[in-house]
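For reference, upload-v1.csv is printed below; it contains CSV, N, CA and C atoms.
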chain,number,residue,atom,x,y,z
A,1,GLN,N,0.8,-1.2,0.0
A,1,GLN,CA,0.0,0.0,0.0
A,1,GLN,C,0.9,1.2,0.0
A,2,VAL,N,0.3,2.3,-0.4
A,2,VAL,CA,0.9,3.6,-0.5
A,2,VAL,C,0.1,4.6,0.3
A,3,GLN,N,0.8,5.4,1.1
A,3,GLN,CA,0.1,6.5,1.9
A,3,GLN,C,0.7,7.8,1.4
A,4,LEU,N,-0.2,8.8,1.2
A,4,LEU,CA,0.1,10.1,0.8
A,4,LEU,C,-0.5,11.1,1.8
A,5,VAL,N,0.4,11.9,2.4
A,5,VAL,CA,0.0,12.9,3.4
A,5,VAL,C,0.3,14.3,2.9
A,6,GLU,N,-0.8,15.1,2.7
A,6,GLU,CA,-0.6,16.5,2.2
A,6,GLU,C,-0.6,17.5,3.3
A,7,SER,N,0.0,18.6,3.1
A,7,SER,CA,0.0,19.7,4.0
A,7,SER,C,0.2,21.0,3.3
A,8,GLY,N,-0.2,22.1,3.9
A,8,GLY,CA,0.0,23.4,3.4
A,8,GLY,C,-1.2,24.2,2.9
A,9,GLY,N,-2.4,23.6,3.0
A,9,GLY,CA,-3.6,24.3,2.5
A,9,GLY,C,-4.0,25.4,3.5
A,10,GLY,N,-5.0,26.2,3.0
A,10,GLY,CA,-5.5,27.3,3.9
A,10,GLY,C,-6.2,28.3,3.1
A,11,LEU,N,-6.4,29.5,3.8
A,11,LEU,CA,-7.0,30.6,3.2
A,11,LEU,C,-6.0,31.7,2.9
A,12,VAL,N,-6.1,32.2,1.7
A,12,VAL,CA,-5.2,33.2,1.2
A,12,VAL,C,-5.9,34.3,0.4
A,13,GLN,N,-5.4,35.5,0.4
A,13,GLN,CA,-6.0,36.5,-0.4
A,13,GLN,C,-5.6,36.4,-1.9
A,14,PRO,N,-6.5,36.9,-2.7
A,14,PRO,CA,-6.1,37.0,-4.2
A,14,PRO,C,-4.7,37.6,-4.4
A,15,GLY,N,-3.9,37.0,-5.2
A,15,GLY,CA,-2.6,37.4,-5.5
A,15,GLY,C,-1.5,36.8,-4.5
A,16,GLY,N,-2.0,36.1,-3.5
A,16,GLY,CA,-1.1,35.5,-2.6
A,16,GLY,C,-0.5,34.2,-3.0
A,17,SER,N,0.3,33.7,-2.1
A,17,SER,CA,1.0,32.4,-2.4
A,17,SER,C,0.8,31.4,-1.4
A,18,LEU,N,0.9,30.1,-1.8
A,18,LEU,CA,0.9,29.0,-0.8
A,18,LEU,C,1.8,27.9,-1.4
A,19,ARG,N,2.3,27.1,-0.5
A,19,ARG,CA,3.1,25.9,-1.0
A,19,ARG,C,2.5,24.7,-0.4
A,20,LEU,N,2.1,23.7,-1.2
A,20,LEU,CA,1.6,22.4,-0.8
A,20,LEU,C,2.7,21.4,-0.8
A,21,SER,N,2.7,20.5,0.2
A,21,SER,CA,3.6,19.4,0.3
A,21,SER,C,2.9,18.1,0.3
A,22,CYS,N,3.5,17.1,-0.2
A,22,CYS,CA,2.9,15.7,-0.2
A,22,CYS,C,4.1,14.7,0.1
A,23,ALA,N,3.9,14.0,1.2
A,23,ALA,CA,4.9,13.0,1.5
A,23,ALA,C,4.3,11.6,1.3
A,24,ALA,N,5.1,10.8,0.5
A,24,ALA,CA,4.6,9.4,0.2
A,24,ALA,C,5.4,8.4,1.1
A,25,SER,N,4.7,7.4,1.4
A,25,SER,CA,5.4,6.3,2.2
A,25,SER,C,4.7,5.0,1.8
A,26,GLY,N,5.3,3.9,2.2
A,26,GLY,CA,4.8,2.6,1.9
A,26,GLY,C,5.5,2.0,0.7
A,27,ARG,N,4.8,1.3,-0.2
A,27,ARG,CA,5.4,0.5,-1.3
A,27,ARG,C,5.5,1.5,-2.5
A,28,ILE,N,6.5,2.3,-2.5
A,28,ILE,CA,6.6,3.4,-3.5
A,28,ILE,C,7.8,3.2,-4.4
A,29,PHE,N,8.4,2.0,-4.4
A,29,PHE,CA,9.6,1.8,-5.2
A,29,PHE,C,9.3,1.7,-6.7
A,30,THR,N,8.1,1.6,-7.1
A,30,THR,CA,7.8,1.5,-8.5
A,30,THR,C,6.9,2.8,-8.9
A,31,THR,N,7.2,3.9,-8.3
A,31,THR,CA,6.5,5.1,-8.5
A,31,THR,C,6.9,5.6,-9.9
A,32,ASN,N,5.9,6.1,-10.6
A,32,ASN,CA,6.1,6.8,-11.9
A,32,ASN,C,5.9,8.3,-11.8
A,33,ASP,N,4.7,8.7,-12.1
A,33,ASP,CA,4.4,10.1,-12.0
A,33,ASP,C,3.9,10.5,-10.6
A,34,MET,N,4.1,11.8,-10.2
A,34,MET,CA,3.5,12.3,-9.1
A,34,MET,C,2.9,13.6,-9.5
A,35,GLY,N,1.8,14.0,-8.9
A,35,GLY,CA,1.1,15.2,-9.3
A,35,GLY,C,0.1,15.8,-8.4
A,36,TRP,N,-0.5,16.8,-8.8
A,36,TRP,CA,-1.6,17.5,-8.0
A,36,TRP,C,-2.8,17.6,-8.9
A,37,TYR,N,-4.0,17.3,-8.3
A,37,TYR,CA,-5.3,17.5,-8.9
A,37,TYR,C,-6.1,18.4,-8.0
A,38,ARG,N,-7.2,19.0,-8.5
A,38,ARG,CA,-8.0,19.7,-7.7
A,38,ARG,C,-9.5,19.5,-8.1
A,39,GLN,N,-10.4,19.7,-7.1
A,39,GLN,CA,-11.8,19.6,-7.3
A,39,GLN,C,-12.5,20.7,-6.6
A,40,ALA,N,-13.2,21.5,-7.5
A,40,ALA,CA,-14.0,22.6,-6.9
A,40,ALA,C,-15.4,22.1,-6.7
A,41,PRO,N,-16.2,22.8,-5.9
A,41,PRO,CA,-17.6,22.3,-5.7
A,41,PRO,C,-18.4,22.3,-7.0
A,42,GLY,N,-19.0,21.2,-7.2
A,42,GLY,CA,-19.9,21.0,-8.3
A,42,GLY,C,-19.1,20.7,-9.6
A,43,LYS,N,-17.8,20.5,-9.5
A,43,LYS,CA,-17.0,20.3,-10.7
A,43,LYS,C,-16.2,18.9,-10.6
A,44,GLN,N,-15.8,18.5,-11.7
A,44,GLN,CA,-15.0,17.2,-11.7
A,44,GLN,C,-13.6,17.5,-11.3
A,45,ARG,N,-12.9,16.5,-10.8
A,45,ARG,CA,-11.5,16.6,-10.4
A,45,ARG,C,-10.7,16.8,-11.7
A,46,GLU,N,-9.8,17.8,-11.6
A,46,GLU,CA,-9.0,18.1,-12.8
A,46,GLU,C,-7.5,18.1,-12.5
A,47,LEU,N,-6.7,17.9,-13.5
A,47,LEU,CA,-5.2,17.9,-13.3
A,47,LEU,C,-4.8,19.3,-13.1
A,48,VAL,N,-3.9,19.5,-12.2
A,48,VAL,CA,-3.2,20.8,-12.0
A,48,VAL,C,-1.8,20.8,-12.6
A,49,ALA,N,-1.0,19.8,-12.1
A,49,ALA,CA,0.3,19.7,-12.5
A,49,ALA,C,0.8,18.3,-12.3
A,50,VAL,N,1.7,17.8,-13.1
A,50,VAL,CA,2.3,16.5,-12.9
A,50,VAL,C,3.8,16.5,-13.2
A,51,ILE,N,4.5,15.7,-12.6
A,51,ILE,CA,6.0,15.6,-12.8
A,51,ILE,C,6.4,14.1,-12.9
A,52,THR,N,7.1,13.8,-13.9
A,52,THR,CA,7.5,12.4,-14.1
A,52,THR,C,8.7,12.0,-13.2
A,53,ARG,N,9.0,10.7,-13.2
A,53,ARG,CA,10.1,10.3,-12.4
A,53,ARG,C,11.4,10.9,-12.9
A,54,ASP,N,11.5,11.4,-14.1
A,54,ASP,CA,12.7,12.0,-14.7
A,54,ASP,C,12.7,13.5,-14.5
A,55,GLY,N,11.6,14.0,-13.8
A,55,GLY,CA,11.6,15.4,-13.5
A,55,GLY,C,11.0,16.3,-14.6
A,56,ILE,N,10.3,15.7,-15.5
A,56,ILE,CA,9.6,16.5,-16.6
A,56,ILE,C,8.2,16.9,-16.0
A,57,ALA,N,8.0,18.2,-16.1
A,57,ALA,CA,6.7,18.8,-15.5
A,57,ALA,C,5.8,19.2,-16.6
A,58,ASP,N,4.5,19.1,-16.3
A,58,ASP,CA,3.5,19.6,-17.2
A,58,ASP,C,2.4,20.2,-16.3
A,59,TYR,N,1.7,21.2,-16.9
A,59,TYR,CA,0.8,22.0,-16.2
A,59,TYR,C,-0.5,22.2,-16.9
A,60,SER,N,-1.6,22.4,-16.2
A,60,SER,CA,-2.9,22.8,-16.8
A,60,SER,C,-2.7,24.2,-17.3
A,61,SER,N,-3.3,24.6,-18.4
A,61,SER,CA,-3.2,25.9,-19.0
A,61,SER,C,-3.6,27.0,-18.0
A,62,SER,N,-4.5,26.6,-17.1
A,62,SER,CA,-5.1,27.6,-16.2
A,62,SER,C,-4.1,28.0,-15.1
A,63,VAL,N,-3.0,27.2,-14.9
A,63,VAL,CA,-2.1,27.5,-13.8
A,63,VAL,C,-0.7,27.7,-14.3
A,64,LYS,N,-0.4,27.5,-15.6
A,64,LYS,CA,0.9,27.6,-16.2
A,64,LYS,C,1.4,29.0,-16.0
A,65,GLY,N,2.6,29.1,-15.5
A,65,GLY,CA,3.2,30.4,-15.3
A,65,GLY,C,3.0,31.0,-13.8
A,66,ARG,N,2.1,30.3,-13.1
A,66,ARG,CA,1.8,30.8,-11.7
A,66,ARG,C,2.2,29.7,-10.7
A,67,PHE,N,2.0,28.4,-11.1
A,67,PHE,CA,2.3,27.3,-10.2
A,67,PHE,C,3.6,26.6,-10.7
A,68,THR,N,4.3,26.0,-9.7
A,68,THR,CA,5.5,25.3,-10.0
A,68,THR,C,5.5,24.0,-9.2
A,69,ILE,N,5.6,22.8,-9.9
A,69,ILE,CA,5.7,21.6,-9.2
A,69,ILE,C,7.1,21.1,-9.1
A,70,ALA,N,7.5,20.5,-8.0
A,70,ALA,CA,8.8,20.0,-7.8
A,70,ALA,C,8.7,18.7,-7.1
A,71,ARG,N,9.8,17.9,-7.3
A,71,ARG,CA,9.8,16.5,-6.7
A,71,ARG,C,11.1,16.3,-6.1
A,72,ALA,N,11.1,15.7,-4.9
A,72,ALA,CA,12.3,15.4,-4.2
A,72,ALA,C,12.3,13.8,-4.0
A,73,SER,N,12.8,13.2,-5.0
A,73,SER,CA,12.7,11.7,-5.0
A,73,SER,C,13.4,11.1,-3.8
A,74,ALA,N,14.4,11.7,-3.3
A,74,ALA,CA,15.1,11.1,-2.1
A,74,ALA,C,14.2,11.2,-0.9
A,75,LYS,N,13.3,12.1,-0.9
A,75,LYS,CA,12.4,12.3,0.2
A,75,LYS,C,11.0,11.7,-0.1
A,76,ASN,N,10.9,11.2,-1.3
A,76,ASN,CA,9.5,10.6,-1.7
A,76,ASN,C,8.5,11.7,-1.5
A,77,ALA,N,8.8,12.9,-2.0
A,77,ALA,CA,7.8,14.0,-1.8
A,77,ALA,C,7.6,14.8,-3.1
A,78,VAL,N,6.5,15.5,-3.1
A,78,VAL,CA,6.2,16.4,-4.2
A,78,VAL,C,5.6,17.6,-3.7
A,79,TYR,N,5.9,18.7,-4.3
A,79,TYR,CA,5.5,20.0,-3.8
A,79,TYR,C,4.8,20.8,-4.9
A,80,LEU,N,4.0,21.8,-4.5
A,80,LEU,CA,3.4,22.7,-5.5
A,80,LEU,C,3.4,24.1,-4.9
A,81,GLN,N,4.2,24.9,-5.6
A,81,GLN,CA,4.3,26.3,-5.2
A,81,GLN,C,3.3,27.1,-6.0
A,82,MET,N,2.4,27.7,-5.4
A,82,MET,CA,1.3,28.4,-6.0
A,82,MET,C,1.5,29.9,-5.8
A,83,ASN,N,1.7,30.7,-6.8
A,83,ASN,CA,1.8,32.1,-6.8
A,83,ASN,C,0.7,32.8,-7.6
A,84,GLY,N,0.4,34.0,-7.3
A,84,GLY,CA,-0.6,34.7,-8.0
A,84,GLY,C,-2.0,34.0,-7.9
A,85,LEU,N,-2.3,33.6,-6.7
A,85,LEU,CA,-3.6,32.8,-6.6
A,85,LEU,C,-4.8,33.7,-6.9
A,86,LYS,N,-5.8,33.0,-7.5
A,86,LYS,CA,-7.0,33.7,-7.9
A,86,LYS,C,-8.2,33.0,-7.2
A,87,PRO,N,-9.3,33.6,-7.1
A,87,PRO,CA,-10.5,33.0,-6.5
A,87,PRO,C,-10.9,31.7,-7.2
A,88,GLU,N,-10.7,31.6,-8.5
A,88,GLU,CA,-11.0,30.4,-9.2
A,88,GLU,C,-10.1,29.2,-9.0
A,89,ASP,N,-9.0,29.5,-8.2
A,89,ASP,CA,-8.2,28.4,-7.8
A,89,ASP,C,-8.7,27.7,-6.5
A,90,THR,N,-9.8,28.2,-5.9
A,90,THR,CA,-10.4,27.6,-4.8
A,90,THR,C,-10.9,26.2,-5.1
A,91,ALA,N,-10.4,25.3,-4.3
A,91,ALA,CA,-10.7,23.9,-4.5
A,91,ALA,C,-10.1,23.0,-3.4
A,92,VAL,N,-10.4,21.8,-3.4
A,92,VAL,CA,-9.7,20.8,-2.6
A,92,VAL,C,-8.6,20.2,-3.5
A,93,TYR,N,-7.4,20.3,-3.1
A,93,TYR,CA,-6.2,19.8,-3.8
A,93,TYR,C,-5.8,18.5,-3.3
A,94,TYR,N,-5.6,17.6,-4.3
A,94,TYR,CA,-5.2,16.2,-4.0
A,94,TYR,C,-3.9,15.8,-4.6
A,95,CYS,N,-3.1,15.2,-3.8
A,95,CYS,CA,-1.8,14.7,-4.2
A,95,CYS,C,-2.1,13.3,-4.9
A,96,ASN,N,-1.4,13.1,-6.0
A,96,ASN,CA,-1.5,11.8,-6.7
A,96,ASN,C,-0.2,11.2,-6.9
A,97,LEU,N,-0.2,9.9,-6.8
A,97,LEU,CA,1.0,9.1,-7.1
A,97,LEU,C,0.6,7.9,-8.1
A,98,ARG,N,1.2,7.8,-9.2
A,98,ARG,CA,0.9,6.8,-10.1
A,98,ARG,C,2.0,5.8,-10.2
A,99,LYS,N,1.7,4.5,-10.0
A,99,LYS,CA,2.7,3.5,-10.1
A,99,LYS,C,3.0,3.1,-11.6
A,100,LEU,N,4.1,2.4,-11.8
A,100,LEU,CA,4.4,2.0,-13.2
A,100,LEU,C,3.3,1.1,-13.8
A,101,ASN,N,2.6,0.4,-13.0
A,101,ASN,CA,1.5,-0.4,-13.5
A,101,ASN,C,0.2,0.3,-13.8
A,102,GLY,N,0.2,1.7,-13.6
A,102,GLY,CA,-0.9,2.5,-13.8
A,102,GLY,C,-1.9,2.7,-12.7
A,103,VAL,N,-1.6,2.1,-11.6
A,103,VAL,CA,-2.5,2.2,-10.4
A,103,VAL,C,-2.2,3.6,-9.7
A,104,ASP,N,-3.3,4.3,-9.4
A,104,ASP,CA,-3.3,5.6,-8.8
A,104,ASP,C,-3.5,5.5,-7.3
A,105,TYR,N,-2.8,6.3,-6.6
A,105,TYR,CA,-3.0,6.5,-5.2
A,105,TYR,C,-3.3,8.0,-4.9
A,106,TRP,N,-4.1,8.3,-3.9
A,106,TRP,CA,-4.5,9.7,-3.6
A,106,TRP,C,-4.3,10.0,-2.2
A,107,GLY,N,-4.0,11.3,-2.0
A,107,GLY,CA,-4.0,11.8,-0.6
A,107,GLY,C,-5.4,12.1,-0.2
A,108,GLN,N,-5.5,12.6,1.1
A,108,GLN,CA,-6.9,12.9,1.6
A,108,GLN,C,-7.4,14.2,1.2
A,109,GLY,N,-6.6,15.1,0.6
A,109,GLY,CA,-7.1,16.3,0.1
A,109,GLY,C,-6.8,17.4,1.1
A,110,THR,N,-6.5,18.6,0.6
A,110,THR,CA,-6.3,19.8,1.4
A,110,THR,C,-7.1,21.0,0.8
A,111,GLN,N,-7.8,21.7,1.6
A,111,GLN,CA,-8.6,22.8,1.1
A,111,GLN,C,-7.8,24.1,0.8
A,112,ILE,N,-7.9,24.7,-0.3
A,112,ILE,CA,-7.3,26.0,-0.7
A,112,ILE,C,-8.5,26.9,-0.9
A,113,THR,N,-8.6,28.0,-0.2
A,113,THR,CA,-9.6,29.0,-0.4
A,113,THR,C,-8.9,30.3,-0.7
A,114,VAL,N,-9.3,30.9,-1.9
A,114,VAL,CA,-8.7,32.2,-2.2
A,114,VAL,C,-9.8,33.2,-2.2
A,115,SER,N,-9.7,34.1,-1.2
A,115,SER,CA,-10.8,35.1,-1.0
A,115,SER,C,-10.3,36.3,-0.2
A,116,SER,N,-10.9,37.4,-0.5
A,116,SER,CA,-10.5,38.6,0.2
A,116,SER,C,-11.5,38.8,1.4
Can I see the file as structure tokens?
Amino acid sequence: QVQLVESGGGLVQPGGSLRLSCAASGRIFTTNDMGWYRQAPGKQRELVAVITRDGIADYSSSVKGRFTIARASAKNAVYLQMNGLKPEDTAVYYCNLRKLNGVDYWGQGTQITVSS
């Protein structure tokens, strides 16, 4: 089994910044991609950013240029630096780990609220 623990959520004003962290533990030796998804009320879960085991990152067009994903393989962790936050970024953010066999694991989610 794989366990993912997220931290760093909260309330921030528009234009502010937050950093999310996700620590993975358990049977993670065949990890492939790690990433962040989000789900706003009444909407489907969507990809925010993903980073491969080789460090190649990709972003949703809605966050490109504002968010940065990073991975610390030695620490089995993934981070999401979020700058220039907008009210439409408000959502529950989920850490994702995908194994080489395609199986996905999810964190419990952390709430991000962008509001003045």
*Between atom C of Gln111 of chain A and atom N of Gly9 of chain A - distance in Å to one decimal*: 5.9 Å
*From A:Ala57, A:Ala70, A:Leu85, A:Leu100, residue lying nearest Asp33 of chain A [only N, CA and C atoms]*: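 Answer, going by the shortest atom-to-atom distance: A:Leu100.
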*Identify all residues of chain A in strand (DSSP E) (DSSP on the backbone) and supply them as a PyMOL selection string.*
chain A and resi 2-7+10-12+18-26+31-39+46-51+57-59+67-72+77-82+91-99+104-106+110-114
Between segment 46-102 of chain A and segment 17-23 of chain A, at 9 Å or less, what are the per-residue closest atom pairs and their distances in Å? Count only C-alpha atoms, order by chain and rising residue number, and return it as a tab-separated table.
residue	atom	partner	partner_atom	distance
A:Lys75	CA	A:Ala23	CA	7.6
A:Asn76	CA	A:Ala23	CA	6.1
A:Ala77	CA	A:Ala23	CA	4.5
A:Val78	CA	A:Cys22	CA	5.2
A:Tyr79	CA	A:Ser21	CA	4.6
A:Leu80	CA	A:Leu20	CA	5.0
A:Gln81	CA	A:Arg19	CA	4.4
A:Met82	CA	A:Leu18	CA	5.2
A:Asn83	CA	A:Ser17	CA	4.5
A:Gly84	CA	A:Ser17	CA	6.3
A:Leu85	CA	A:Ser17	CA	6.2
A:Tyr93	CA	A:Leu20	CA	8.8
A:Tyr94	CA	A:Cys22	CA	9.0
A:Cys95	CA	A:Cys22	CA	6.3
A:Asn96	CA	A:Cys22	CA	8.8
Can I get the selection written as a compact mmCIF listing (two decimals), in the frame of the given file, with N, CA and C atoms?
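See part_31.txt below for the written result:
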# COMPACT_ATOMS: atom_id res chain seq x y z
N LYS A 75 13.30 12.10 -0.90
CA LYS A 75 12.40 12.30 0.20
C LYS A 75 11.00 11.70 -0.10
N ASN A 76 10.90 11.20 -1.30
CA ASN A 76 9.50 10.60 -1.70
C ASN A 76 8.50 11.70 -1.50
N ALA A 77 8.80 12.90 -2.00
CA ALA A 77 7.80 14.00 -1.80
C ALA A 77 7.60 14.80 -3.10
N VAL A 78 6.50 15.50 -3.10
CA VAL A 78 6.20 16.40 -4.20
C VAL A 78 5.60 17.60 -3.70
N TYR A 79 5.90 18.70 -4.30
CA TYR A 79 5.50 20.00 -3.80
C TYR A 79 4.80 20.80 -4.90
N LEU A 80 4.00 21.80 -4.50
CA LEU A 80 3.40 22.70 -5.50
C LEU A 80 3.40 24.10 -4.90
N GLN A 81 4.20 24.90 -5.60
CA GLN A 81 4.30 26.30 -5.20
C GLN A 81 3.30 27.10 -6.00
N MET A 82 2.40 27.70 -5.40
CA MET A 82 1.30 28.40 -6.00
C MET A 82 1.50 29.90 -5.80
N ASN A 83 1.70 30.70 -6.80
CA ASN A 83 1.80 32.10 -6.80
C ASN A 83 0.70 32.80 -7.60
N GLY A 84 0.40 34.00 -7.30
CA GLY A 84 -0.60 34.70 -8.00
C GLY A 84 -2.00 34.00 -7.90
N LEU A 85 -2.30 33.60 -6.70
CA LEU A 85 -3.60 32.80 -6.60
C LEU A 85 -4.80 33.70 -6.90
N TYR A 93 -7.40 20.30 -3.10
CA TYR A 93 -6.20 19.80 -3.80
C TYR A 93 -5.80 18.50 -3.30
N TYR A 94 -5.60 17.60 -4.30
CA TYR A 94 -5.20 16.20 -4.00
C TYR A 94 -3.90 15.80 -4.60
N CYS A 95 -3.10 15.20 -3.80
CA CYS A 95 -1.80 14.70 -4.20
C CYS A 95 -2.10 13.30 -4.90
N ASN A 96 -1.40 13.10 -6.00
CA ASN A 96 -1.50 11.80 -6.70
C ASN A 96 -0.20 11.20 -6.90
*atom CA of Val92 of chain A and atom CA of Gln3 of chain A are how many Å apart?*
17.9 Å
*One decimal, Å: what's the distance from atom N of Gly15 of chain A over to atom C of Ile56 of chain A, could you say?*
25.8 Å
*For Asn32 of chain A, list every protein, DNA or RNA residue within 6 Å, evaluated using only N, CA and C atoms, and leave out those in the same chain fewer than 5 positions away; present the list as a list of chain:residue names.*
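So the residues in contact are A:Ile51, A:Thr52, A:Arg53, A:Arg98, A:Lys99, A:Leu100.
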*Could you give me, as a ChimeraX atom specification, the residues within 8 Å of Asp58 of chain A, counting all atoms listed in the file and dropping anything in the same chain fewer than 6 positions from it?*
/A:47-52,64,69
*Looking at A:Gln13, A:Gln108, A:Thr31, A:Thr68, which one is nearest to Asp89 of chain A, with distances taken over only C-alpha atoms?*
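Closest candidate: A:Gln13.
Candidate residues A:Gln39, A:Ser115, A:Gln44, A:Phe67 were compared for distance to Ala91 of chain A, and the nearest is A:Gln39, using all atoms listed in the file.
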*So which one's closest to Tyr59 of chain A, A:Tyr37, A:Arg71, A:Val5, A:Arg45? Using only C-alpha atoms, please.*
A:Tyr37
*Can you list every residue in chain A that DSSP puts in helix (DSSP H, G or I), as number ranges by chain?*
A: 73-75, 87-89
Using N, CA and C atoms, can you export the residues from the last selection as a PDB file, keeping the file's coordinate frame?
ATOM      1  N   SER A  73      12.800  13.200  -5.000  1.00  0.00           N
ATOM      2  CA  SER A  73      12.700  11.700  -5.000  1.00  0.00           C
ATOM      3  C   SER A  73      13.400  11.100  -3.800  1.00  0.00           C
ATOM      4  N   ALA A  74      14.400  11.700  -3.300  1.00  0.00           N
ATOM      5  CA  ALA A  74      15.100  11.100  -2.100  1.00  0.00           C
ATOM      6  C   ALA A  74      14.200  11.200  -0.900  1.00  0.00           C
ATOM      7  N   LYS A  75      13.300  12.100  -0.900  1.00  0.00           N
ATOM      8  CA  LYS A  75      12.400  12.300   0.200  1.00  0.00           C
ATOM      9  C   LYS A  75      11.000  11.700  -0.100  1.00  0.00           C
ATOM     10  N   PRO A  87      -9.300  33.600  -7.100  1.00  0.00           N
ATOM     11  CA  PRO A  87     -10.500  33.000  -6.500  1.00  0.00           C
ATOM     12  C   PRO A  87     -10.900  31.700  -7.200  1.00  0.00           C
ATOM     13  N   GLU A  88     -10.700  31.600  -8.500  1.00  0.00           N
ATOM     14  CA  GLU A  88     -11.000  30.400  -9.200  1.00  0.00           C
ATOM     15  C   GLU A  88     -10.100  29.200  -9.000  1.00  0.00           C
ATOM     16  N   ASP A  89      -9.000  29.500  -8.200  1.00  0.00           N
ATOM     17  CA  ASP A  89      -8.200  28.400  -7.800  1.00  0.00           C
ATOM     18  C   ASP A  89      -8.700  27.700  -6.500  1.00  0.00           C
TER      19      ASP A  89
END
*Using only C-alpha atoms, pick whichever of A:Gly35, A:Pro41, A:Gly102, A:Pro87 has the shortest atom-to-atom distance to Gly16 of chain A.*
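Answer, going by the shortest atom-to-atom distance: A:Pro87.
Minimum atom-to-atom distance to Glu46 of chain A, evaluated using all atoms listed in the file, belongs to A:Ser60 out of A:Ser60, A:Gly107, A:Ser7, A:Glu88.
Residues within 7 Å of segment 25-28 of chain A, counting only C-alpha atoms and excluding same-chain residues fewer than 5 positions away, are A:Gln1, A:Val2, A:Gln3, A:Leu4.
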